Structure formats: C-alpha cells, structure tokens
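J.: The structure that follows is given in the form of structure tokens.
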Amino acid sequence: MKKAFFAMVVVILVFNYSYIEAMFFNKFLNNANTTVQTCKIDFSIDGDSVQKREIKFDELFSEQESFVGVDFDVTNNSKCDIFLRIAVLPIVVDENNPNIAYKLSNFSCEIQYLNDDSNILNSTYWEKSSDGYYYYKKSMKEGDSLENKLISGIKLNLTKRERIELGDKQLQVVVRVESKQSKHEDYSNLW
C-alpha cells in the first residue's frame, strides 16, 4: 500500500512539476518583494547606410582597387541602457535575379576600421566574434551614440576576372544592428 501511494505521489509530481514549480517560485518572489523591470528597446541608425547602400560595380571600377565609404552611427533612444552588436555585410546582387546574392571573399573585400590604423579593430570599444558580428563593449546610456564608430568603409581588391563578372551587378552594404538591455549583464553573455 505504501509503495502504491508513493508511486501515485511521484506520478502526480512528475506530471504537475512545472505548475508546482511556478507556484513555489511565484510565492517565493512575492515574499521577497522583488520587482522585475523591462524596457522597450529602441535605437536609430544614422548615416548613409541606414538599411542598405547600393553601388553599381561598373560605375565604381576604373582600376583594380577601390574604396566604398560607409558612414553610420547608432543612437540609443530607449529609456534603459543597451548593448549592441553589429554586422556589416557587403554582398553582390544580380539585377536580373535579385533573389540571388553573393558574398565577396575575404581577399576581395576588406573592412576598413575607423581609427588611426584602418586595418586594426579598436579593441577598447569593439570585439569581433567568429559569428561575424562586432560587439560594442560599452553599455550605451539613454540618448548616447557610439563613442567610437566601427568602420570608415570597405576596400575592394578585385581581380580583372572578378571585375568583368561583376560589371553588371550591384554591391550592397547591409548593416545589421541588434541590441539587448544591459542591466546587470556583460555584453559577452547576452547573445
């Protein structure tokens, strides 16, 4: 009889575990007088690359190496502090088939950073991750903009063959910005 009763209690606990856990933690949180605050995150991207900037290859290239200037800034319009991560994606789009996009190789396309040495990322403010994003290390307060902008542009070093193949296509510089609330967190633990 004791075994059957014990088995029935175990079955009830297993099937109702999440409900029981929610009741327990709800009671615990109410007694602890804790408050949970949320914030509506809002930011704006300013500059000439707000969403995507289209450049025609045949208008751009007269020689092997070319530079495409990219200027953007991010402003925190939220009522809370935020962390940012940014991806800058230079892609090639075929006008005849706009659903197909090509990524340029690392040799053909080089990001130029906005600091004294354009080939080196400013590691005081930014960290580049293997996921392709640049993480802004500092928390942005309400109304703040980036203290150190990320890039000045993209240097293209295409071979003659690539220039011929891409002559009728468009280069698009797409800037993707994501943010998360920064209260009690380190940027590296948020994503």
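To be explicit about the labels: the chains of the structure tokens are called A, B, and onward in the order shown, and within each one the residues are counted from 1, while ligands get numbers from 1 in the order they are shown.
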Find the residues around Ile91 of chain A up to 6 Å (only C-alpha atoms counted), leave out those fewer than 5 positions away in its own chain, and share them as a PyMOL selection string.

T.: chain A and resi 102-103+171-172

J.: Using DSSP secondary structure from the backbone, list all alpha helix (DSSP H) positions within segment 82-165 of chain A, as a list of chain:residue names.

T.: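 Alpha helix (DSSP H) assignments inside segment 82-165 of chain A correspond to A:Lys160, A:Arg161, A:Glu162, A:Arg163, A:Ile164, A:Glu165.
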
J.: With a distance cut-off of 8 Å and only C-alpha atoms, select the neighbouring residues of Lys141 of chain A, excluding the residue or stretch itself and same-chain residues fewer than 4 positions from it, and output the selection as a list in words.

T.: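 Returned residues: Asn76, Cys80, Asp81 and Ile82 of chain A.
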
J.: At a cut-off of 9 Å, using only C-alpha atoms, what residues contact Leu104 of chain A? Leave out same-chain residues fewer than 5 positions from it and give the result as a list in words.

T.: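 My reading of the contact set: Pro90, Ile91, Val92 and Cys109 of chain A.
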
J.: Could you please take those selected residues and save C-alpha atoms as a PDB file, in the first residue's frame?

T.:
```
ATOM      1  CA  PRO A  90      28.978  43.544 -48.305  1.00  0.00           C
ATOM      2  CA  ILE A  91      27.070  41.397 -50.789  1.00  0.00           C
ATOM      3  CA  VAL A  92      26.688  41.346 -54.560  1.00  0.00           C
ATOM      4  CA  CYS A 109      36.652  42.662 -49.681  1.00  0.00           C
TER       5      CYS A 109
END
```

J.: Write out as a list of chain:residue names the residues lying within 6 Å of Tyr134 of chain A, counting only C-alpha atoms and excluding same-chain residues fewer than 5 positions away.

T.: A:Arg85, A:Ile86, A:Glu127, A:Lys128

J.: Give me, as a tab-separated table, each residue of segment 129-157 of chain A that comes within 10 Å of segment 64-74 of chain A, together with its shortest interatomic pair and the distance in Å at one decimal, counting only C-alpha atoms, with rows ordered by chain and rising residue number.

T.:
```
residue	atom	partner	partner_atom	distance
A:Met140	CA	A:Val74	CA	9.7
A:Gly143	CA	A:Val74	CA	10.0
A:Asp144	CA	A:Val74	CA	8.4
A:Ser145	CA	A:Val74	CA	5.5
A:Leu146	CA	A:Val74	CA	6.0
A:Glu147	CA	A:Asp73	CA	9.4
A:Asn148	CA	A:Asp73	CA	9.2
A:Lys149	CA	A:Asp73	CA	6.5
A:Leu150	CA	A:Phe72	CA	8.4
A:Ile151	CA	A:Val70	CA	7.0
A:Ser152	CA	A:Val70	CA	5.4
A:Gly153	CA	A:Gly69	CA	4.1
A:Ile154	CA	A:Val68	CA	5.2
A:Lys155	CA	A:Phe67	CA	4.5
A:Leu156	CA	A:Ser66	CA	5.2
A:Asn157	CA	A:Glu65	CA	4.5
```

J.: Would you return as a list of chain:residue names the members of segment 95-145 of chain A that DSSP assigns to strand (DSSP E) on this structure's backbone?

T.: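 Listing strand (DSSP E) positions across segment 95-145 of chain A yields A:Asn97, A:Pro98, A:Asn99, A:Ile100, A:Ala101, A:Tyr102, A:Lys103, A:Cys109, A:Glu110, A:Ile111, A:Gln112, A:Tyr113, A:Trp126, A:Glu127, A:Lys128, A:Tyr134, A:Tyr135, A:Tyr136.
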
J.: Go ahead and compute the interatomic distance for atom CA of Ser105 of chain A and atom CA of Val177 of chain A, in Å to one decimal.

T.: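 A separation of 22.1 Å between them.
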
J.: Which residue, A:Ile164, A:Ala87, A:Ile45, A:Val174, has the smallest gap to Ser129 of chain A when you use only C-alpha atoms?

T.: A:Ala87

J.: Hey, what's within 10 Å of Thr124 of chain A if we count only C-alpha atoms and toss same-chain stuff fewer than 6 positions away? As a PyMOL selection string, please?

T.: chain A and resi 136-138+148
